[in-house]
$ cat structure.txt   # compact mmCIF, C-alpha atoms
# COMPACT_ATOMS: atom_id res chain seq x y z
CA MET A 1 7.60 -3.64 -4.13
CA ILE A 2 6.11 -3.71 -0.64
CA GLU A 3 2.36 -4.20 -0.29
CA SER A 4 -0.30 -5.55 1.94
CA GLY A 5 -1.32 -9.12 1.38
CA ARG A 6 -5.06 -8.39 1.60
CA ARG A 7 -6.93 -6.56 -1.08
CA ARG A 8 -8.98 -3.56 -0.15
CA LEU A 9 -12.61 -4.32 -0.78
CA LEU A 10 -13.71 -0.71 -1.11
CA ARG A 11 -11.98 1.57 -3.60
CA GLY A 12 -12.82 4.66 -5.62
CA GLY A 13 -16.48 5.10 -6.39
CA ARG A 14 -17.56 2.17 -4.21
CA TRP A 15 -15.95 3.76 -1.16
CA ARG A 16 -17.60 7.10 -1.92
CA PHE A 17 -20.97 5.32 -2.10
CA VAL A 18 -20.36 3.75 1.32
CA ARG A 19 -19.44 7.16 2.74
CA LEU A 20 -22.80 8.49 1.57
CA SER A 21 -24.77 5.52 2.94
CA PRO A 22 -25.97 7.41 6.08
CA VAL A 23 -27.60 9.99 3.81
CA ALA A 24 -29.14 7.25 1.69
CA LEU A 25 -30.40 5.50 4.81
CA THR A 26 -32.00 8.74 6.04
CA VAL A 27 -33.76 9.27 2.70
CA VAL A 28 -35.01 5.68 2.59
CA ILE A 29 -36.37 5.74 6.15
CA ALA A 30 -38.04 9.13 5.67
CA SER A 31 -39.58 7.98 2.36
CA LEU A 32 -40.94 4.80 3.91
CA ALA A 33 -42.29 6.70 6.90
CA TYR A 34 -44.10 9.12 4.59
CA THR A 35 -45.51 6.58 2.11
CA THR A 36 -46.55 3.77 4.47
CA PRO A 37 -49.35 3.69 7.04
CA PRO A 38 -48.44 5.38 10.35
CA GLU A 39 -48.96 2.08 12.17
CA MET A 40 -45.77 0.71 10.58
CA ALA A 41 -43.76 3.49 12.32
CA PHE A 42 -40.70 3.46 10.06
CA SER A 43 -39.85 6.86 11.55
CA ARG A 44 -38.57 5.08 14.65
CA LEU A 45 -35.60 3.89 12.58
CA LEU A 46 -34.27 7.42 12.05
CA PRO A 47 -31.72 7.19 14.95
CA ALA A 48 -29.92 4.50 12.93
CA ALA A 49 -28.66 7.11 10.44
CA PRO A 50 -26.42 9.12 12.82
CA ALA A 51 -25.29 5.86 14.43
CA LEU A 52 -24.09 4.66 11.02
CA ALA A 53 -22.49 8.03 10.27
CA ALA A 54 -20.30 7.77 13.39
CA ALA A 55 -18.45 4.84 11.82
CA MET A 56 -17.15 6.90 8.89
CA TRP A 57 -17.86 10.62 9.35
CA PRO A 58 -16.25 13.33 11.52
CA VAL A 59 -18.07 14.71 14.53
CA LEU A 60 -19.70 17.80 12.96
CA PRO A 61 -21.30 16.05 9.93
CA THR A 62 -22.57 13.33 12.28
CA VAL A 63 -24.25 15.95 14.49
CA LEU A 64 -25.68 17.73 11.42
CA LEU A 65 -27.19 14.49 10.14
CA GLY A 66 -28.73 13.84 13.57
CA THR A 67 -30.22 17.35 13.47
CA VAL A 68 -31.68 16.69 10.01
CA CYS A 69 -33.22 13.45 11.30
CA LEU A 70 -34.72 15.36 14.23
CA PHE A 71 -36.37 17.93 11.95
CA LEU A 72 -37.59 15.16 9.66
CA MET A 73 -39.23 13.52 12.65
CA ILE A 74 -40.92 16.77 13.63
CA GLY A 75 -42.14 17.23 10.04
CA LEU A 76 -43.53 13.70 9.91
CA SER A 77 -45.37 14.26 13.19
CA ILE A 78 -47.11 17.25 11.63
CA VAL A 79 -48.27 15.12 8.69
CA PHE A 80 -49.09 12.08 10.83
CA PRO A 81 -50.07 13.01 14.38
CA GLY A 82 -49.65 10.36 17.03
CA LEU A 83 -46.33 8.90 15.84
CA GLY A 84 -44.77 9.05 19.27
CA THR A 85 -42.75 12.07 18.23
CA TRP A 86 -41.20 12.90 21.57
CA TRP A 87 -39.97 9.40 22.27
CA THR A 88 -38.41 9.10 18.82
CA ALA A 89 -37.01 12.63 19.01
CA ALA A 90 -35.41 11.84 22.36
CA GLY A 91 -33.93 8.67 20.81
CA ILE A 92 -32.50 10.68 17.90
CA ILE A 93 -30.91 13.19 20.28
CA ALA A 94 -29.44 10.47 22.52
CA VAL A 95 -28.08 8.44 19.62
CA THR A 96 -26.62 11.57 17.96
CA VAL A 97 -24.77 12.54 21.13
CA ALA A 98 -23.43 9.00 21.51
CA ALA A 99 -22.53 8.86 17.80
CA ALA A 100 -20.65 12.16 18.03
CA TYR A 101 -18.60 10.84 20.93
CA GLY A 102 -17.96 7.58 19.08
CA SER A 103 -16.82 9.52 16.02
CA HIS A 104 -14.43 11.54 18.19
CA VAL A 105 -12.92 8.39 19.71
CA ARG A 106 -12.59 6.76 16.28
CA LEU A 107 -10.76 9.79 14.87
CA GLN A 108 -8.34 9.76 17.79
CA ARG A 109 -7.59 6.09 17.18
CA GLU A 110 -7.12 6.73 13.47
CA ARG A 111 -4.58 9.46 14.27
CA THR A 112 -2.74 7.05 16.58
CA LEU A 113 -2.77 4.38 13.89
CA PHE A 114 -1.42 6.89 11.38
CA GLN A 115 1.49 7.70 13.70
CA LEU A 116 2.19 4.00 14.19
CA ARG A 117 2.26 3.55 10.44
CA LEU A 118 4.79 6.35 10.14
CA VAL A 119 6.96 4.50 12.65
CA ALA A 120 6.48 1.27 10.68
CA ASP A 121 7.50 3.07 7.49
CA ALA A 122 10.68 4.27 9.20
CA ALA A 123 11.41 0.72 10.37
CA GLN A 124 10.77 -0.47 6.84
CA GLN A 125 13.52 1.81 5.56
CA VAL A 126 15.91 0.20 8.07
CA VAL A 127 15.07 -3.42 7.27
CA LEU A 128 13.91 -3.23 3.65
CA SER A 129 15.71 -0.26 2.17
CA PRO A 130 15.18 0.53 -1.52
CA MET A 131 17.73 -1.09 -3.80
CA PRO A 132 18.89 -0.46 -7.37
CA ARG A 133 17.39 -2.73 -9.97
CA ARG A 134 20.74 -3.39 -11.58
CA PHE A 135 24.33 -3.98 -10.50
CA GLY A 136 26.42 -4.26 -13.65
CA ASN A 137 25.10 -7.29 -15.52
CA VAL A 138 22.93 -8.43 -12.60
CA GLU A 139 19.24 -7.44 -12.74
CA ILE A 140 17.34 -7.51 -9.43
CA ASP A 141 13.85 -6.88 -8.12
CA SER A 142 12.17 -7.52 -4.77
CA LEU A 143 8.71 -8.29 -3.43
CA TYR A 144 7.31 -8.03 0.07
CA LEU A 145 3.74 -8.90 1.06
CA ALA A 146 2.51 -8.46 4.62
CA ALA A 147 0.02 -11.02 5.88
CA ALA A 148 -2.03 -8.41 7.79
CA ALA A 149 -3.77 -5.59 5.96
CA GLU A 150 -2.46 -3.03 8.46
CA ALA A 151 1.10 -4.34 8.49
CA ARG A 152 4.07 -2.74 6.77
CA ILE A 153 6.80 -5.22 7.66
CA GLY A 154 7.35 -8.35 9.70
CA GLY A 155 10.14 -10.83 10.38
CA ASP A 156 11.05 -11.49 6.72
CA PHE A 157 14.05 -9.59 5.40
CA TYR A 158 16.35 -9.23 2.39
CA GLU A 159 19.27 -7.12 1.23
CA VAL A 160 21.55 -6.83 -1.80
CA VAL A 161 24.95 -5.09 -1.86
CA ASP A 162 27.56 -4.66 -4.56
CA THR A 163 31.01 -5.40 -3.13
CA ARG A 164 34.52 -5.95 -4.51
CA TYR A 165 33.90 -9.68 -4.05
CA GLY A 166 30.77 -9.64 -6.17
CA VAL A 167 27.07 -8.90 -5.74
CA ARG A 168 25.98 -10.39 -2.44
CA PHE A 169 22.43 -11.30 -1.47
CA LEU A 170 20.72 -11.98 1.83
CA ILE A 171 17.21 -13.25 2.40
CA GLY A 172 15.79 -14.70 5.57
CA ASP A 173 12.94 -15.12 8.01
CA VAL A 174 12.93 -14.56 11.78
CA ARG A 175 10.78 -16.94 13.78
CA GLY A 176 8.04 -14.96 15.46
CA LYS A 177 6.01 -11.84 14.74
CA GLY A 178 5.65 -8.26 15.93
CA LEU A 179 8.26 -5.70 16.86
CA PRO A 180 10.70 -8.22 18.43
CA ALA A 181 10.90 -10.08 15.12
CA VAL A 182 11.37 -6.81 13.25
CA GLY A 183 14.17 -5.84 15.65
CA ALA A 184 15.89 -9.19 15.15
CA ALA A 185 15.59 -8.83 11.38
CA ALA A 186 17.05 -5.30 11.54
CA ALA A 187 20.02 -6.55 13.59
CA ILE A 188 20.77 -9.23 10.99
CA VAL A 189 20.37 -6.93 8.00
CA ASN A 190 22.52 -4.19 9.49
CA SER A 191 25.22 -6.71 10.32
CA PHE A 192 25.12 -8.02 6.75
CA ARG A 193 25.51 -4.52 5.33
CA GLU A 194 28.77 -4.15 7.22
CA ALA A 195 30.13 -7.69 6.94
CA ALA A 196 29.38 -8.12 3.24
CA TYR A 197 31.79 -5.30 2.36
CA GLY A 198 34.57 -6.26 4.73
CA GLU A 199 34.65 -10.08 4.75
CA PRO A 200 36.09 -11.83 1.69
CA ASP A 201 34.68 -15.19 2.82
CA MET A 202 30.92 -15.72 3.10
CA ILE A 203 31.47 -18.10 6.00
CA ASN A 204 32.80 -15.20 8.05
CA VAL A 205 29.79 -13.13 6.95
CA ALA A 206 27.48 -15.86 8.24
CA ARG A 207 29.34 -16.01 11.54
CA ARG A 208 28.97 -12.28 12.01
CA LEU A 209 25.24 -12.52 11.27
CA ASP A 210 24.91 -15.28 13.84
CA ALA A 211 26.82 -13.21 16.40
CA SER A 212 24.57 -10.19 15.81
CA SER A 213 21.46 -12.33 16.11
CA THR A 214 22.75 -13.87 19.34
CA ARG A 215 23.55 -10.47 20.85
CA TYR A 216 20.13 -9.09 19.97
CA ASN A 217 18.32 -12.08 21.45
CA ALA A 218 20.40 -11.82 24.60
CA ALA A 219 19.47 -8.15 24.96
CA PHE A 220 15.80 -8.72 24.07
CA PRO A 221 14.99 -12.32 25.02
CA PRO A 222 11.88 -13.85 23.46
CA GLU A 223 8.76 -14.46 25.50
CA GLY A 224 8.15 -18.09 26.31
CA PRO A 225 10.46 -21.11 26.29
CA MET A 226 11.16 -21.17 22.54
CA GLU A 227 14.37 -19.65 21.22
CA ARG A 228 14.16 -16.92 18.59
CA PHE A 229 16.11 -17.98 15.52
CA ALA A 230 16.21 -17.06 11.86
CA THR A 231 16.65 -18.92 8.62
CA ALA A 232 18.90 -17.14 6.15
CA LEU A 233 20.41 -17.62 2.73
CA LEU A 234 23.57 -15.88 1.53
CA ALA A 235 24.50 -15.78 -2.14
CA GLU A 236 27.37 -14.25 -4.06
CA MET A 237 27.45 -13.61 -7.80
CA PRO A 238 30.82 -12.60 -9.25
CA HIS A 239 31.20 -9.58 -11.46
CA GLY A 240 31.20 -10.62 -15.09
CA SER A 241 30.74 -14.40 -15.21
CA GLY A 242 31.30 -17.42 -13.04
CA PRO A 243 29.42 -19.72 -10.69
CA ILE A 244 27.15 -18.46 -7.95
CA LYS A 245 28.06 -19.30 -4.35
CA ILE A 246 25.28 -20.07 -1.88
CA LEU A 247 25.42 -20.57 1.89
CA ASN A 248 22.09 -21.86 3.18
CA CYS A 249 21.25 -21.60 6.89
CA GLY A 250 18.08 -23.68 6.96
CA HIS A 251 16.30 -21.53 4.37
CA PRO A 252 14.09 -22.72 1.47
CA PRO A 253 16.41 -23.44 -1.48
CA PRO A 254 16.42 -21.02 -4.42
CA LEU A 255 14.97 -21.94 -7.79
CA LEU A 256 17.07 -21.50 -10.96
CA LEU A 257 15.30 -21.30 -14.32
CA ASN A 258 17.70 -22.10 -17.17
CA HIS A 259 16.22 -22.05 -20.69
CA GLY A 260 12.96 -23.58 -19.54
CA LYS A 261 14.60 -26.09 -17.19
CA LEU A 262 14.08 -25.63 -13.47
CA ARG A 263 16.66 -26.56 -10.88
CA THR A 264 16.33 -26.47 -7.10
CA LEU A 265 19.62 -25.37 -5.58
CA GLU A 266 19.68 -27.66 -2.57
CA PRO A 267 22.62 -27.41 -0.15
CA THR A 268 24.92 -30.41 0.12
CA THR A 269 25.08 -29.89 3.90
CA PRO A 270 22.69 -27.48 5.65
CA SER A 271 24.36 -24.78 7.72
CA PRO A 272 23.06 -23.89 11.20
CA LEU A 273 20.24 -21.41 11.58
CA LEU A 274 21.16 -17.99 12.92
CA ASN A 275 21.31 -17.89 16.72
CA LEU A 276 21.71 -21.68 16.88
CA ALA A 277 25.39 -22.02 15.95
CA GLY A 278 26.33 -21.87 19.63
CA LEU A 279 24.17 -24.94 20.27
CA ILE A 280 24.90 -27.12 17.23
CA GLY A 281 28.23 -25.72 16.03
CA ASP A 282 29.21 -23.16 13.40
CA HIS A 283 29.99 -25.55 10.56
CA TYR A 284 29.04 -23.66 7.41
CA THR A 285 29.02 -25.02 3.88
CA ILE A 286 29.26 -23.05 0.64
CA ASP A 287 27.85 -24.63 -2.53
CA THR A 288 28.64 -23.43 -6.05
CA PHE A 289 26.26 -23.62 -8.99
CA ASP A 290 26.82 -22.76 -12.64
CA LEU A 291 25.05 -19.65 -13.86
CA SER A 292 24.67 -18.54 -17.48
CA PRO A 293 23.47 -15.27 -19.00
CA GLY A 294 19.68 -15.27 -19.15
CA ASP A 295 19.28 -17.53 -16.12
CA LEU A 296 16.61 -16.43 -13.68
CA LEU A 297 17.08 -17.02 -9.96
CA LEU A 298 14.25 -16.81 -7.41
CA LEU A 299 15.04 -16.47 -3.70
CA TYR A 300 12.02 -16.55 -1.40
CA THR A 301 10.80 -17.11 2.15
CA ASP A 302 8.55 -19.97 3.22
CA GLY A 303 5.49 -17.73 3.12
CA VAL A 304 5.45 -18.27 -0.66
CA THR A 305 5.25 -22.06 -0.54
CA GLU A 306 2.93 -22.02 2.49
CA ALA A 307 0.34 -19.73 0.91
CA ARG A 308 -2.76 -21.87 0.72
CA THR A 309 -6.38 -21.92 -0.31
CA ARG A 310 -9.23 -22.29 2.17
CA ASP A 311 -9.09 -26.03 1.43
CA GLY A 312 -5.44 -26.18 2.51
CA GLU A 313 -3.88 -26.50 -0.95
CA PHE A 314 -0.39 -24.97 -0.96
CA PHE A 315 0.87 -22.71 -3.72
CA PRO A 316 2.69 -24.93 -6.26
CA LEU A 317 5.79 -22.78 -6.62
CA THR A 318 7.99 -25.19 -8.57
CA THR A 319 5.21 -25.97 -11.05
CA TRP A 320 4.45 -22.27 -11.37
CA MET A 321 8.11 -21.43 -11.93
CA ARG A 322 8.45 -24.01 -14.73
CA GLN A 323 5.61 -22.31 -16.59
CA GLN A 324 7.23 -18.87 -16.56
CA PRO A 325 8.75 -17.59 -19.79
CA PRO A 326 12.15 -15.87 -19.86
CA THR A 327 11.29 -12.52 -18.35
CA PRO A 328 12.89 -9.65 -16.42
CA PRO A 329 12.85 -9.96 -12.61
CA HIS A 330 10.23 -7.22 -12.23
CA GLU A 331 7.77 -9.04 -14.50
CA LEU A 332 8.41 -12.35 -12.74
CA LEU A 333 7.62 -10.91 -9.31
CA THR A 334 4.59 -9.05 -10.65
CA ALA A 335 3.23 -12.36 -11.92
CA LEU A 336 4.12 -14.07 -8.63
CA HIS A 337 2.33 -11.34 -6.67
CA ARG A 338 -0.79 -11.66 -8.81
CA ASP A 339 -0.91 -15.46 -8.80
CA LEU A 340 -0.22 -15.76 -5.07
CA LEU A 341 -3.13 -13.48 -4.19
CA HIS A 342 -5.35 -15.26 -6.70
CA HIS A 343 -4.42 -18.65 -5.23
CA CYS A 344 -5.25 -17.74 -1.63
CA LYS A 345 -8.01 -15.22 -2.47
CA GLY A 346 -6.01 -12.36 -0.98
CA ARG A 347 -5.74 -13.98 2.48
CA LEU A 348 -2.12 -14.69 3.42
CA ASP A 349 -1.22 -16.65 6.56
CA ASP A 350 2.40 -15.49 6.63
CA ASP A 351 4.54 -12.63 5.38
CA ILE A 352 6.22 -13.11 2.02
CA ALA A 353 9.56 -11.87 0.74
CA ALA A 354 11.19 -12.69 -2.58
CA LEU A 355 14.15 -11.63 -4.70
CA ALA A 356 14.35 -12.26 -8.43
CA VAL A 357 17.78 -12.09 -10.05
CA ARG A 358 18.77 -12.42 -13.69
CA LEU A 359 22.26 -12.53 -15.15
CA SER A 360 22.45 -10.62 -18.41
CA GLU A 361 25.22 -10.48 -20.96
CA PRO A 362 28.19 -8.54 -19.55
CA PRO A 363 28.58 -5.09 -21.06
CA GLU A 364 31.22 -4.81 -23.74
$ encode --input "structure.txt" --output "structure tokens"
Amino acid sequence: MIESGRRRLLRGGRWRFVRLSPVALTVVIASLAYTTPPEMAFSRLLPAAPALAAAMWPVLPTVLLGTVCLFLMIGLSIVFPGLGTWWTAAGIIAVTVAAAYGSHVRLQRERTLFQLRLVADAAQQVVLSPMPRRFGNVEIDSLYLAAAAEARIGGDFYEVVDTRYGVRFLIGDVRGKGLPAVGAAAAIVNSFREAAYGEPDMINVARRLDASSTRYNAAFPPEGPMERFATALLAEMPHGSGPIKILNCGHPPPLLLNHGKLRTLEPTTPSPLLNLAGLIGDHYTIDTFDLSPGDLLLLYTDGVTEARTRDGEFFPLTTWMRQQPPTPPHELLTALHRDLLHHCKGRLDDDIAALAVRLSEPPE
């Protein structure tokens, strides 16, 4: 589930009404010019109609509307002589020409934006590839919300793979924004896809992720004095039953909902962030936590807890999680999506990624 964080204000019939607003404006101005005294000179507002049309119409309809306004002006001058017809007509012609050029430039930019979105969609498939909703007795769903309305992806990432060692999860957040952050996230995710299958120990998986992150940042150094690093969380759920293993590299701790009781899975000793192991040492710690059928696990990035209202009130994730009934992962993330946008009125300050995982009874 990958969506924009901002709601579109104009949909369906409302958008169609806005598209027709230049026509409505033309009718209103012409009606006022005809029904009011000539001294009020509403006809001088007719150039506004093609100017408005340039913001949403192609070139030809914009020119046609300008032509209609020109003929309306000529007709009004016949009914009311002395309106300053030639000055207004010249204004209509000049504005129509400028509006047609503006419409042409806008369409070119929209085509460029469309191509950029195609590239973003391709990058999305690299970083956030579609995943099955079930691996054996493990149910999974994902959520991604971009902070910008035009964005497809950012520096948040996640991945889930089914290996001979169990179902392994990765979720993380690269510091920074833009294409460099996306590239760093792709390097980490691609490394995880390889290491998760080949490394029996999650510590070795983490080391390979750190090495990939370091190599990428060496090849594409960040702008400015700050290092580019990433928080990450690795988790492993065994096939069948057993405790879940978690290796936390400075990431927000997961939340585990067990029969109405909420537990925060804090690490005993935090592991180094990716790309910082060379500075502070690669001492990784794996914690184990009991997991029972029906338990619901939420992994998330800090964009969830940092979503705030205009008054600065943060989203109360732990309180919200306690109030959730036992539900499939898809329904949990649907509710989280809805309540997050309601809390911050559709205006997100940071990208959001989340994974919901539920352990069901093993098949007989």
$ atom_distance --input "structure.txt" --atom1 "CA of Ser360 in chain A" --atom2 "CA of Pro270 in chain A"
29.4 Å
$ residues_around --input "structure.txt" --residues "range 247-255 of chain A" --least-positions-apart "6" --cutoff "8 Å" --atoms "only C-alpha atoms" --output "compact mmCIF listing (two decimals) with C-alpha atoms, in the coordinates of the input"
# COMPACT_ATOMS: atom_id res chain seq x y z
CA GLY A 172 15.79 -14.70 5.57
CA MET A 202 30.92 -15.72 3.10
CA ILE A 203 31.47 -18.10 6.00
CA THR A 231 16.65 -18.92 8.62
CA ALA A 232 18.90 -17.14 6.15
CA LEU A 233 20.41 -17.62 2.73
CA LEU A 234 23.57 -15.88 1.53
CA ALA A 235 24.50 -15.78 -2.14
CA LEU A 262 14.08 -25.63 -13.47
CA ARG A 263 16.66 -26.56 -10.88
CA THR A 264 16.33 -26.47 -7.10
CA LEU A 265 19.62 -25.37 -5.58
CA GLU A 266 19.68 -27.66 -2.57
CA PRO A 267 22.62 -27.41 -0.15
CA PRO A 270 22.69 -27.48 5.65
CA SER A 271 24.36 -24.78 7.72
CA PRO A 272 23.06 -23.89 11.20
CA LEU A 273 20.24 -21.41 11.58
CA LEU A 274 21.16 -17.99 12.92
CA TYR A 284 29.04 -23.66 7.41
CA THR A 285 29.02 -25.02 3.88
CA ILE A 286 29.26 -23.05 0.64
CA ASP A 287 27.85 -24.63 -2.53
CA LEU A 297 17.08 -17.02 -9.96
CA LEU A 298 14.25 -16.81 -7.41
CA LEU A 299 15.04 -16.47 -3.70
CA TYR A 300 12.02 -16.55 -1.40
CA THR A 301 10.80 -17.11 2.15
CA ASP A 302 8.55 -19.97 3.22
CA THR A 318 7.99 -25.19 -8.57
$ axis_aligned_box --input "structure.txt" --around "range 66-78 of chain A" --padding-each-side "6 Å" --output "lines of an AutoDock Vina configuration file"
center_x = -37.9
center_y = 15.7
center_z = 11.9
size_x = 30.4
size_y = 16.5
size_z = 16.6
$ closest_residue --input "structure.txt" --among "A:Ala354, A:Val174, A:Leu296, A:Gly303" --to "Leu333 in chain A" --atoms "only C-alpha atoms"
A:Ala354
$ residues_around --input "structure.txt" --residues "range 107-110 of chain A" --least-positions-apart "6" --cutoff "10 Å" --atoms "all atoms listed in the file" --output "list of chain:residue names"
A:Ala54, A:Ala55, A:Met56, A:Trp57, A:Pro58, A:Val59, A:Tyr101, A:Leu116
$ write_last_selection --input "structure.txt" --atoms "C-alpha atoms" --output "compact mmCIF listing (two decimals), in the frame of the given file"
# COMPACT_ATOMS: atom_id res chain seq x y z
CA ALA A 54 -20.30 7.77 13.39
CA ALA A 55 -18.45 4.84 11.82
CA MET A 56 -17.15 6.90 8.89
CA TRP A 57 -17.86 10.62 9.35
CA PRO A 58 -16.25 13.33 11.52
CA VAL A 59 -18.07 14.71 14.53
CA TYR A 101 -18.60 10.84 20.93
CA LEU A 116 2.19 4.00 14.19
$ atom_distance --input "structure.txt" --atom1 "CA of Pro61 in chain A" --atom2 "CA of Leu113 in chain A"
22.3 Å
$ atom_distance --input "structure.txt" --atom1 "CA of Pro180 in chain A" --atom2 "CA of Val160 in chain A"
23.0 Å
$ residues_near_point --input "structure.txt" --point "(-22.5, 13.2, 19.0)" --cutoff "7 Å" --atoms "only C-alpha atoms" --output "list in words"
Val59, Thr62, Val63, Thr96, Val97, Ala98, Ala99, Ala100 and Tyr101 of chain A
$ write_last_selection --input "structure.txt" --atoms "C-alpha atoms" --output "JSON list (two decimals), keeping the file's coordinate frame"
[["chain", "number", "residue", "atom", "x", "y", "z"],
["A", 59, "VAL", "CA", -18.07, 14.71, 14.53],
["A", 62, "THR", "CA", -22.57, 13.33, 12.28],
["A", 63, "VAL", "CA", -24.25, 15.95, 14.49],
["A", 96, "THR", "CA", -26.62, 11.57, 17.96],
["A", 97, "VAL", "CA", -24.77, 12.54, 21.13],
["A", 98, "ALA", "CA", -23.43, 9.00, 21.51],
["A", 99, "ALA", "CA", -22.53, 8.86, 17.80],
["A", 100, "ALA", "CA", -20.65, 12.16, 18.03],
["A", 101, "TYR", "CA", -18.60, 10.84, 20.93]]
$ closest_residue --input "structure.txt" --among "A:Ile188, A:Leu143, A:Met131, A:Ile246" --to "Ala356 in chain A" --atoms "only C-alpha atoms"
A:Leu143
$ residues_around --input "structure.txt" --residues "range 190-194 of chain A" --least-positions-apart "5" --cutoff "7 Å" --atoms "only C-alpha atoms" --output "PyMOL selection string"
chain A and resi 205+208-209+212
$ closest_residue --input "structure.txt" --among "A:Ile92, A:Phe17, A:Ala185, A:Ala33" --to "Ala48 in chain A" --atoms "only C-alpha atoms"
A:Ile92
$ closest_residue --input "structure.txt" --among "A:Pro47, A:Gly312, A:Pro329, A:Pro243" --to "Leu25 in chain A" --atoms "only C-alpha atoms"
A:Pro47
$ residues_around --input "structure.txt" --residues "Ser43 in chain A" --least-positions-apart "5" --cutoff "7 Å" --atoms "all atoms listed in the file" --output "ChimeraX atom specification"
/A:29-30,33,73
$ residues_around --input "structure.txt" --residues "Arg134 in chain A" --least-positions-apart "3" --cutoff "10 Å" --atoms "all atoms listed in the file" --output "list in words"
Met131, Asn137, Val138, Glu139, Ile140, Asp141, Asp162, Val357, Arg358 and Leu359 of chain A
$ closest_residue --input "structure.txt" --among "A:Leu145, A:Ile78, A:Ala218, A:Ala230" --to "Leu340 in chain A" --atoms "all atoms listed in the file"
A:Leu145
$ closest_residue --input "structure.txt" --among "A:Pro328, A:Gly155, A:Pro50, A:Pro37" --to "Ala24 in chain A" --atoms "all atoms listed in the file"
A:Pro50
$ decode --input "structure.txt" --residues "range 17-22 of chain A" --atoms "all heavy atoms" --output "mmCIF file, in the first residue's frame"
data_model
loop_
_atom_site.group_PDB
_atom_site.id
_atom_site.type_symbol
_atom_site.label_atom_id
_atom_site.label_comp_id
_atom_site.auth_asym_id
_atom_site.auth_seq_id
_atom_site.Cartn_x
_atom_site.Cartn_y
_atom_site.Cartn_z
ATOM 1 N N PHE A 17 -16.036 20.492 -12.328
ATOM 2 C CA PHE A 17 -16.576 21.847 -12.185
ATOM 3 C C PHE A 17 -15.455 22.882 -12.316
ATOM 4 O O PHE A 17 -15.620 23.925 -12.965
ATOM 5 C CB PHE A 17 -17.269 22.001 -10.830
ATOM 6 C CG PHE A 17 -17.700 23.405 -10.526
ATOM 7 C CD1 PHE A 17 -18.836 23.940 -11.117
ATOM 8 C CD2 PHE A 17 -16.952 24.211 -9.664
ATOM 9 C CE1 PHE A 17 -19.229 25.249 -10.853
ATOM 10 C CE2 PHE A 17 -17.336 25.507 -9.393
ATOM 11 C CZ PHE A 17 -18.476 26.025 -9.992
ATOM 12 N N VAL A 18 -14.301 22.595 -11.708
ATOM 13 C CA VAL A 18 -13.179 23.525 -11.796
ATOM 14 C C VAL A 18 -12.708 23.630 -13.241
ATOM 15 O O VAL A 18 -12.361 24.722 -13.720
ATOM 16 C CB VAL A 18 -12.035 23.066 -10.870
ATOM 17 C CG1 VAL A 18 -10.780 23.891 -11.110
ATOM 18 C CG2 VAL A 18 -12.460 23.183 -9.412
ATOM 19 N N ARG A 19 -12.695 22.529 -13.959
ATOM 20 C CA ARG A 19 -12.266 22.553 -15.357
ATOM 21 C C ARG A 19 -13.181 23.428 -16.209
ATOM 22 O O ARG A 19 -12.749 24.000 -17.209
ATOM 23 C CB ARG A 19 -12.259 21.133 -15.933
ATOM 24 C CG ARG A 19 -11.281 20.198 -15.290
ATOM 25 C CD ARG A 19 -9.957 20.197 -15.981
ATOM 26 N NE ARG A 19 -10.036 19.662 -17.329
ATOM 27 C CZ ARG A 19 -8.989 19.476 -18.108
ATOM 28 N NH1 ARG A 19 -7.784 19.794 -17.673
ATOM 29 N NH2 ARG A 19 -9.120 18.990 -19.319
ATOM 30 N N LEU A 20 -14.439 23.526 -15.825
ATOM 31 C CA LEU A 20 -15.401 24.333 -16.577
ATOM 32 C C LEU A 20 -15.483 25.768 -16.065
ATOM 33 O O LEU A 20 -16.266 26.565 -16.597
ATOM 34 C CB LEU A 20 -16.795 23.688 -16.519
ATOM 35 C CG LEU A 20 -16.946 22.358 -17.269
ATOM 36 C CD1 LEU A 20 -18.318 21.772 -17.013
ATOM 37 C CD2 LEU A 20 -16.723 22.547 -18.764
ATOM 38 N N SER A 21 -14.690 26.110 -15.058
ATOM 39 C CA SER A 21 -14.788 27.452 -14.474
ATOM 40 C C SER A 21 -14.481 28.576 -15.469
ATOM 41 O O SER A 21 -15.095 29.652 -15.369
ATOM 42 C CB SER A 21 -13.875 27.558 -13.248
ATOM 43 O OG SER A 21 -12.522 27.291 -13.596
ATOM 44 N N PRO A 22 -13.560 28.408 -16.449
ATOM 45 C CA PRO A 22 -13.385 29.503 -17.421
ATOM 46 C C PRO A 22 -14.652 29.799 -18.212
ATOM 47 O O PRO A 22 -14.944 30.968 -18.521
ATOM 48 C CB PRO A 22 -12.265 28.987 -18.331
ATOM 49 C CG PRO A 22 -11.492 28.040 -17.482
ATOM 50 C CD PRO A 22 -12.523 27.361 -16.633
#
